[in-house]
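Participant: There's a structure below that I have some questions on.
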Number of protein chains: 2
Amino acid sequence: MNEMQWKPLKDSSEPLHLQIYHYLKQKIMHGEWTVGTKIPTQREMAKQFQVNRSTVVYALEGLIADGLLETKVGDGTRVINNTWSLLTSTPPPDWKSYVSSGIYKPNIDIIQEINRAEADPTFIRLGTGELSPSLLPNDRMRKILRTGHENLSLGYVEPKGLLSLRKTVSEYLKTKGMVASPESILIVSGGLQALQLISMGLLERGSTILHETPSYLNSVHVFQSAGMHLFGVPMDQEGIKIKEIERLKKQQLAALLYTIPNFHNPTGTLMTEERRANLLKVCQNISLPIIEDDVYGDLWFENPPPKPLKADDTQGNVLYIGSVSKTLSPGLRVGWIVGPEPVIDRLADIKMQTDYGSSSLSQYAVEKWLSNGLYTDYLKEIKAELMYRRDFTIQLLKAYFSEIATWSIPEGGFYIWLRLEIDISTKKLFGLALKEHILLNPGIVYDKSDYKHLRLSYSYASLGELEEGLVGLARLIKGVL
Amino acid sequence: MNEMQWKPLKDSSEPLHLQIYHYLKQKIMHGEWTVGTKIPTQREMAKQFQVNRSTVVYALEGLIADGLLETKVGDGTRVINNTWSLLTSTPPPDWKSYVSSGIYKPNIDIIQEINRAEADPTFIRLGTGELSPSLLPNDRMRKILRTGHENLSLGYVEPKGLLSLRKTVSEYLKTKGMVASPESILIVSGGLQALQLISMGLLERGSTILHETPSYLNSVHVFQSAGMHLFGVPMDQEGIKIKEIERLKKQQLAALLYTIPNFHNPTGTLMTEERRANLLKVCQNISLPIIEDDVYGDLWFENPPPKPLKADDTQGNVLYIGSVSKTLSPGLRVGWIVGPEPVIDRLADIKMQTDYGSSSLSQYAVEKWLSNGLYTDYLKEIKAELMYRRDFTIQLLKAYFSEIATWSIPEGGFYIWLRLEIDISTKKLFGLALKEHILLNPGIVYDKSDYKHLRLSYSYASLGELEEGLVGLARLIKGVL
């Protein structure tokens with residue numbers, strides 16, 4: 001609703017309020033705004049149409065006079081008729097009940113608020129887990145696209161994804177110490193879809209997934225919407241704590257364990273080699289499959305991380321997830337799952353049943369990047385940039401947050417898990433900062449009982465914005481105290 | 001499992017059987033074939049590796065001697081240990097139970113058989129509902145990619161899809177008599193994903209969907225896997241029969257009606273203008289929302305079809321689905337849903353939650369095709385080609401099937417719904433034809449009680465294959481009689 005592209009023409013002979021009147025009437029007449037729809041507020045429309053609020057009021061009065069809209073105190077303005085429903089007595093479908101009754105849950109409120117603020121470029125985004133658009137290699141991609149293409153095909157690709165890409169991914173995984181043949185690799189539309197397929201294809205409703213606390217998993221609905229339960233396992237500086245896993249597996253009848261060993265989202269933690277070995281051993285002992293989410297693994301700064309769990313997984317215990325979304329391009333929507341062949345076969349079948357495979361053009365483009373060394377070259381640059389941004393952010397934290405917060409220095413990835421050492425809820429802080437146009441990712445998004453942490457990201461905001469945002473945030477906190 | 005890419009090297013100093021032994025051992029050691037996995041048959045492996053069966057037997061004997069494989073009569077050969085499980089006593093995860101226990105159902109047997117045969121290029125595919133790869137405009141796409149790209153971006157796109165594409169689609173829909181603003185359009189990864197999102201976002205578990213009998217819906221699991229029921233409504237030469245809909249809505253508590261008015265899959269039927277008006281009126285009267293699947297609408301031969309239902313939908317009763325998969329490219333995975341804004345908002349939220357949007361590169365490419373007239377030009381060519389193929393196929397049917405079958409002549413799209421007027425089940429015929437390497441789409445795929453029809457498609461097989469396949473099929477039928 002809050003994304004109207006249209007604006008009235010300032011230099012038209014038709015008055016602005018009449019243009020708005022006709023535009024809104026058309027939306028009602030063509031069923032885009034069905035009877036019962038609550039329309040945007042006058043203030044929102046004035047902002048979107050770039051007119052005075054009185055102009056909007058004038059337009060709305062016309063529609064109210066036509067009997068199409070009705071305003072009720074405390075309920076805003078709603079569509080009560082369209083020109084046709086005035087002539088007939090039949091109600092439109094009760095879409096409202098449809099919209100509220102799907103299996104899939106809507107995003108939680110705070111995430112919806114974050115999404116809304118992200119659409120507004122005036123916000124400084126201190127927690128966004130993406131590369132800044134300015135860091136993406138758009139120019140190089142344009143250049144790549146301008147040559148070659150002898151092998152490009154517009155047809156459907158193989159069920160598991162473009163074979164040439166799977167071969168290339170197989171080679172690329174070798175550099176991480178993994179042996180995976182192309183038939184044990186499924187190309188997916190990013191890491192989130194990997195989880196979606198696993199939730200639909202491998203788990204019974206009511207299954208429990210163990211995960212680190214805090215965890216990225218709590219910020220998405222993929223398992224909960226499929227009827228699964230999430231259960232958190234504590235972590236320390238070396239990664240997820242092993243001790244409780246066996247007991248929790250039995251107590252919770254856990255079906256899977258989800259972990260992000262490399263530059264964990266949201267804490268930035270790098271799981272140690274020893275912890276990896278122990279985690280794999282324990283999970284093998286109790287036959288608990290592991291989902292290893294490695295979407296940040298390529299973004300190490302000074303030293304490469306230990307080998308993925310999957311590299312030492314001789315029993316087929318691990319489903320490994322990789323992606324180019326955090327490195328090369330989130331828009332391409334290309335990632336992969338590696339696992340035992342019967343599992344990959346099953347997930348491929350489900351993928352075919354839900355979207356007939358990922359974009360062949362995207363797969364083709366990623367194959368070009370990975371196969372000719374361009375990706376490796378680009379990684380060096382982006383890692384240097386991220387490391388510079390990490391150092392810059394740590395300097396700011398030292399200067400402005402030393403007395404109010406603590407943090408660890410991440411060795412890769414995007415995130416600093418800032419712990420406020422003062423008596424203020426980060427959920428409340430989120431609301432206060434929002435008013436100052438500073439967008440935060442509070443701990444509650446990743447752990448519903450966490451009111452102490454913020455996930456800072458140095459990947460998205462510019463250096464200037466990082467400084468302005470962090471200085472403003474520190475001032476805000478000190479003002480509240 | 002049946003997609004091993006590797007082959008032994010014929011000119012290696014290592015004997016073939018040893019190369020195969022090492023290859024298979026590696027798959028077991030790295031957990032691609034977990035303990036319990038049933039491996040391909042000797043015959044399948046001999047074919048894939050392009051060696052004699054005795055070479056495979058020799059390699060397998062080594063693995064059996066190592067204690068890694070075991071052969072049981074009637075159960076084939078299975079992995080019983082891997083080198084590590086020989087040393088420890090812990091079992092691997094029971095992936096078999098995971099694979100069989102997901103929410104999503106596997107494809108039905110006959111569809112799995114069709115999928116398998118489609119992977120084998122020696123089959124003549126008489127029913128495949130895709131454009132032949134040779135008809136896709138690969139050259140033109142290469143040319144498009146080689147120029148421009150000033151606006152290309154690798155970042156995430158807007159939740160509803162690339163704005164420039166939605167604006168272009170909005171203009172393109174005007175040519176069909178539809179008024180739809182960009183904010184009432186959601187870009188999706190093809191028509192199937194549109195249905196997937198509707199099933200997850202708008203319907204309660206247990207809801208009933210009405211559809212034409214036969215219907216494409218019966219060939220996919222999208223609604224059933226989400227816990228919905230399908231219920232068929234009869235059709236005649238003018239489209240879905242209206243009479244029963246009101247009663248069925250009440251009796252079945254139907255939540256939606258799904259229809260393909262243009263060049264229906266699988267019957268090829270074109271719904272008349274009068275039927276469209278009546279269908280819309282009845283559904284409006286009983287507040288039954290309609291999903292209008294229009295993925296074949298652009299493929300008319302001599303006369304354009306009547307306006308879509310959506311064009312006259314003043315109440316927001318219709319969710320309209322379009323796509324370029326049947327015209328420009330199935331591999332791009334780009335389609336759209338048009339509907340009331342609150343519904344589109346909800347579906348966009350779910351799409352973001354499941355795959356963070358469709359490939360930006362694909363959206364960008366489709367926008368180029370649609371916006372500069374290339375798509376329209378290409379449509380003219382592809383429609384001429386399809387019409388030629390239709391006429392060619394009808395000639396073959398007249399020559400070889402006049403005494404054994406009846407059919408209607410489609411005015412667009414891909415399909416001829418061939419009714420056998422003899423006493424032979426088309427399900428049985430499917431199996432017989434398969435042995436002759438002729439792949440059929442029997443009626444049972446689209447209506448589980450239909451043993452009389454075959455869905456013929458003139459879009460995929462070459463003219464030579466169409467002739468060879470249809471002549472062979474007629475011979476086969478006459479041989480059985």
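Scheme for the structure tokens: letters A, B, ... for chains in order shown; per-chain residue numbers from 1; ligand numbers from 1 in order shown.
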Residues within 12 Å of A:Ser97, please, as a tab-separated table (two decimals) with all heavy atoms, in the first residue's frame. Count only C-alpha atoms; anything in the same chain fewer than 2 positions from it doesn't count.

Facilitator:
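Output below, filename result.tsv:
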```tsv
chain	number	residue	atom	x	y	z
A	36	GLY	N	-13.74	-2.17	1.59
A	36	GLY	CA	-13.21	-2.58	2.89
A	36	GLY	C	-11.75	-2.20	3.09
A	36	GLY	O	-11.26	-2.19	4.21
A	37	THR	N	-11.05	-1.89	1.98
A	37	THR	CA	-9.63	-1.54	2.09
A	37	THR	C	-9.45	-0.22	2.84
A	37	THR	O	-10.15	0.76	2.59
A	37	THR	CB	-9.02	-1.37	0.67
A	37	THR	OG1	-9.14	-2.61	-0.02
A	37	THR	CG2	-7.55	-0.97	0.74
A	92	PRO	N	-17.77	-7.78	-2.56
A	92	PRO	CA	-16.59	-8.38	-3.18
A	92	PRO	C	-16.10	-9.52	-2.28
A	92	PRO	O	-16.58	-9.67	-1.17
A	92	PRO	CB	-15.60	-7.23	-3.18
A	92	PRO	CG	-15.98	-6.43	-1.97
A	92	PRO	CD	-17.46	-6.54	-1.85
A	93	PRO	N	-15.12	-10.30	-2.76
A	93	PRO	CA	-14.58	-11.34	-1.89
A	93	PRO	C	-14.02	-10.69	-0.64
A	93	PRO	O	-13.51	-9.58	-0.68
A	93	PRO	CB	-13.45	-11.96	-2.72
A	93	PRO	CG	-13.66	-11.52	-4.11
A	93	PRO	CD	-14.42	-10.23	-4.04
A	94	ASP	N	-14.13	-11.37	0.46
A	94	ASP	CA	-13.62	-10.83	1.71
A	94	ASP	C	-12.12	-11.09	1.78
A	94	ASP	O	-11.63	-11.92	2.52
A	94	ASP	CB	-14.34	-11.53	2.87
A	94	ASP	CG	-13.89	-10.98	4.21
A	94	ASP	OD1	-13.18	-9.95	4.22
A	94	ASP	OD2	-14.24	-11.59	5.22
A	95	TRP	N	-11.37	-10.33	0.96
A	95	TRP	CA	-9.92	-10.58	0.85
A	95	TRP	C	-9.24	-10.46	2.19
A	95	TRP	O	-8.23	-11.08	2.45
A	95	TRP	CB	-9.29	-9.60	-0.14
A	95	TRP	CG	-9.49	-9.97	-1.57
A	95	TRP	CD1	-10.16	-9.24	-2.50
A	95	TRP	CD2	-9.03	-11.14	-2.26
A	95	TRP	NE1	-10.15	-9.87	-3.72
A	95	TRP	CE2	-9.46	-11.04	-3.60
A	95	TRP	CE3	-8.31	-12.26	-1.87
A	95	TRP	CZ2	-9.19	-12.02	-4.55
A	95	TRP	CZ3	-8.03	-13.24	-2.82
A	95	TRP	CH2	-8.46	-13.11	-4.13
A	99	VAL	N	-6.35	-12.73	3.39
A	99	VAL	CA	-5.01	-12.22	3.67
A	99	VAL	C	-4.55	-12.62	5.07
A	99	VAL	O	-3.38	-12.87	5.30
A	99	VAL	CB	-4.97	-10.68	3.49
A	99	VAL	CG1	-3.74	-10.08	4.13
A	99	VAL	CG2	-5.02	-10.33	2.01
A	100	SER	N	-5.49	-12.72	5.99
A	100	SER	CA	-5.09	-13.04	7.36
A	100	SER	C	-5.11	-14.52	7.65
A	100	SER	O	-4.75	-14.95	8.73
A	100	SER	CB	-6.01	-12.31	8.35
A	100	SER	OG	-7.32	-12.79	8.17
A	101	SER	N	-5.49	-15.35	6.66
A	101	SER	CA	-5.68	-16.76	7.01
A	101	SER	C	-4.72	-17.71	6.34
A	101	SER	O	-4.87	-18.90	6.47
A	101	SER	CB	-7.12	-17.17	6.70
A	101	SER	OG	-7.28	-17.29	5.30
A	102	GLY	N	-3.72	-17.23	5.62
A	102	GLY	CA	-2.78	-18.15	4.98
A	102	GLY	C	-1.96	-18.92	6.00
A	102	GLY	O	-1.90	-18.56	7.17
B	201	GLY	N	-0.14	-18.12	1.19
B	201	GLY	CA	-0.44	-16.82	1.77
B	201	GLY	C	-1.90	-16.51	1.97
B	201	GLY	O	-2.23	-15.65	2.77
B	202	LEU	N	-2.78	-17.18	1.23
B	202	LEU	CA	-4.18	-16.73	1.26
B	202	LEU	C	-5.15	-17.80	1.72
B	202	LEU	O	-6.33	-17.51	1.91
B	202	LEU	CB	-4.61	-16.26	-0.14
B	202	LEU	CG	-3.81	-15.11	-0.76
B	202	LEU	CD1	-4.37	-14.77	-2.12
B	202	LEU	CD2	-3.84	-13.89	0.15
B	203	LEU	N	-4.70	-19.02	1.87
B	203	LEU	CA	-5.65	-20.09	2.12
B	203	LEU	C	-5.37	-20.82	3.42
B	203	LEU	O	-4.21	-21.05	3.78
B	203	LEU	CB	-5.59	-21.10	0.96
B	203	LEU	CG	-5.92	-20.50	-0.41
B	203	LEU	CD1	-5.67	-21.53	-1.49
B	203	LEU	CD2	-7.37	-20.04	-0.45
B	204	GLU	N	-6.43	-21.20	4.10
B	204	GLU	CA	-6.26	-22.05	5.28
B	204	GLU	C	-6.07	-23.49	4.83
B	204	GLU	O	-6.59	-23.91	3.80
B	204	GLU	CB	-7.51	-21.96	6.15
B	204	GLU	CG	-7.58	-20.64	6.88
B	204	GLU	CD	-8.81	-20.57	7.77
B	204	GLU	OE1	-9.10	-21.57	8.45
B	204	GLU	OE2	-9.46	-19.52	7.77
B	255	ALA	N	-12.89	-22.09	-1.62
B	255	ALA	CA	-12.24	-20.82	-1.29
B	255	ALA	C	-11.83	-20.05	-2.53
B	255	ALA	O	-11.68	-18.83	-2.48
B	255	ALA	CB	-11.02	-21.08	-0.42
B	342	PRO	N	-4.04	-5.05	-1.22
B	342	PRO	CA	-3.75	-5.72	0.04
B	342	PRO	C	-3.31	-7.17	-0.19
B	342	PRO	O	-2.47	-7.70	0.53
B	342	PRO	CB	-5.08	-5.68	0.80
B	342	PRO	CG	-5.86	-4.59	0.16
B	342	PRO	CD	-5.43	-4.54	-1.27
B	343	VAL	N	-3.88	-7.80	-1.23
B	343	VAL	CA	-3.52	-9.18	-1.54
B	343	VAL	C	-2.09	-9.23	-2.10
B	343	VAL	O	-1.28	-10.08	-1.71
B	343	VAL	CB	-4.52	-9.79	-2.55
B	343	VAL	CG1	-4.13	-11.20	-2.92
B	343	VAL	CG2	-5.94	-9.74	-1.98
B	346	ARG	N	0.42	-8.77	0.63
B	346	ARG	CA	0.58	-9.99	1.43
B	346	ARG	C	1.45	-11.02	0.68
B	346	ARG	O	2.37	-11.61	1.25
B	346	ARG	CB	-0.80	-10.57	1.70
B	346	ARG	CG	-0.84	-11.99	2.18
B	346	ARG	CD	-0.48	-12.11	3.63
B	346	ARG	NE	-0.72	-13.48	4.10
B	346	ARG	CZ	0.02	-14.07	5.02
B	346	ARG	NH1	1.01	-13.44	5.60
B	346	ARG	NH2	-0.25	-15.31	5.38
```

Participant: Using only C-alpha atoms, determine which residues lie at most 8 Å from B:Glu246, disregarding the query and same-chain residues fewer than 5 positions distant; provide the list as a list in words.

Facilitator: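 The contact residues come out as Val282, Cys283 and Ile286 of chain B.
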
Participant: I need the residues from that last selection saved to file as an mmCIF file, in the first residue's frame (with N, CA and C atoms), if you can.

Facilitator:
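The new file result.cif reads:
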```
data_model
loop_
_atom_site.group_PDB
_atom_site.id
_atom_site.type_symbol
_atom_site.label_atom_id
_atom_site.label_comp_id
_atom_site.auth_asym_id
_atom_site.auth_seq_id
_atom_site.Cartn_x
_atom_site.Cartn_y
_atom_site.Cartn_z
ATOM 1 N N VAL B 282 -21.153 -14.778 -11.990
ATOM 2 C CA VAL B 282 -21.512 -15.771 -10.976
ATOM 3 C C VAL B 282 -20.549 -15.700 -9.791
ATOM 4 N N CYS B 283 -19.263 -15.623 -10.086
ATOM 5 C CA CYS B 283 -18.288 -15.607 -8.994
ATOM 6 C C CYS B 283 -18.395 -14.332 -8.174
ATOM 7 N N ILE B 286 -21.401 -14.722 -5.787
ATOM 8 C CA ILE B 286 -21.220 -15.590 -4.616
ATOM 9 C C ILE B 286 -19.900 -15.288 -3.906
#
```

Participant: If we count only C-alpha atoms and set the cut-off at 9 Å, which residues sit around A:Asn441, ignoring sequence neighbours fewer than 6 positions away in its own chain? Please answer as a list in words.

Facilitator: Ile111, Ile114, Arg125, Leu126, Gly127, Thr128, Thr426, Lys427, Phe430, His453, Leu454, Arg455 and Leu456 of chain A

Participant: Residues near B:Val169, anyone? I mean within 9 Å using only C-alpha atoms, not counting same-chain ones fewer than 6 positions away, as a PDB file with N, CA, C and O atoms, in the first residue's frame.

Facilitator:
```pdb
ATOM      1  N   ALA B 180      -3.899  -1.851 -14.557  1.00  0.00           N
ATOM      2  CA  ALA B 180      -3.254  -2.344 -13.340  1.00  0.00           C
ATOM      3  C   ALA B 180      -2.044  -1.469 -13.067  1.00  0.00           C
ATOM      4  O   ALA B 180      -1.119  -1.403 -13.874  1.00  0.00           O
ATOM      5  N   PRO B 182       1.472  -0.257 -11.223  1.00  0.00           N
ATOM      6  CA  PRO B 182       2.634  -1.058 -10.820  1.00  0.00           C
ATOM      7  C   PRO B 182       2.533  -1.601  -9.400  1.00  0.00           C
ATOM      8  O   PRO B 182       3.017  -2.686  -9.112  1.00  0.00           O
ATOM      9  N   ILE B 185       0.940  -5.059  -8.945  1.00  0.00           N
ATOM     10  CA  ILE B 185       1.602  -6.139  -9.685  1.00  0.00           C
ATOM     11  C   ILE B 185       2.753  -6.688  -8.831  1.00  0.00           C
ATOM     12  O   ILE B 185       3.546  -5.922  -8.293  1.00  0.00           O
ATOM     13  N   TRP B 336       4.083 -12.803 -13.336  1.00  0.00           N
ATOM     14  CA  TRP B 336       3.506 -11.760 -12.481  1.00  0.00           C
ATOM     15  C   TRP B 336       2.117 -12.142 -12.009  1.00  0.00           C
ATOM     16  O   TRP B 336       1.425 -12.931 -12.652  1.00  0.00           O
ATOM     17  N   GLU B 367      12.412  -6.986 -18.832  1.00  0.00           N
ATOM     18  CA  GLU B 367      12.024  -5.591 -19.030  1.00  0.00           C
ATOM     19  C   GLU B 367      12.536  -5.092 -20.379  1.00  0.00           C
ATOM     20  O   GLU B 367      11.831  -4.413 -21.116  1.00  0.00           O
ATOM     21  N   LEU B 370      10.294  -6.606 -23.164  1.00  0.00           N
ATOM     22  CA  LEU B 370       8.918  -6.078 -23.219  1.00  0.00           C
ATOM     23  C   LEU B 370       8.872  -4.611 -23.622  1.00  0.00           C
ATOM     24  O   LEU B 370       7.941  -4.168 -24.278  1.00  0.00           O
ATOM     25  N   SER B 371       9.891  -3.841 -23.207  1.00  0.00           N
ATOM     26  CA  SER B 371       9.760  -2.389 -23.342  1.00  0.00           C
ATOM     27  C   SER B 371      10.131  -1.868 -24.719  1.00  0.00           C
ATOM     28  O   SER B 371       9.689  -0.810 -25.115  1.00  0.00           O
TER      29      SER B 371
END
```
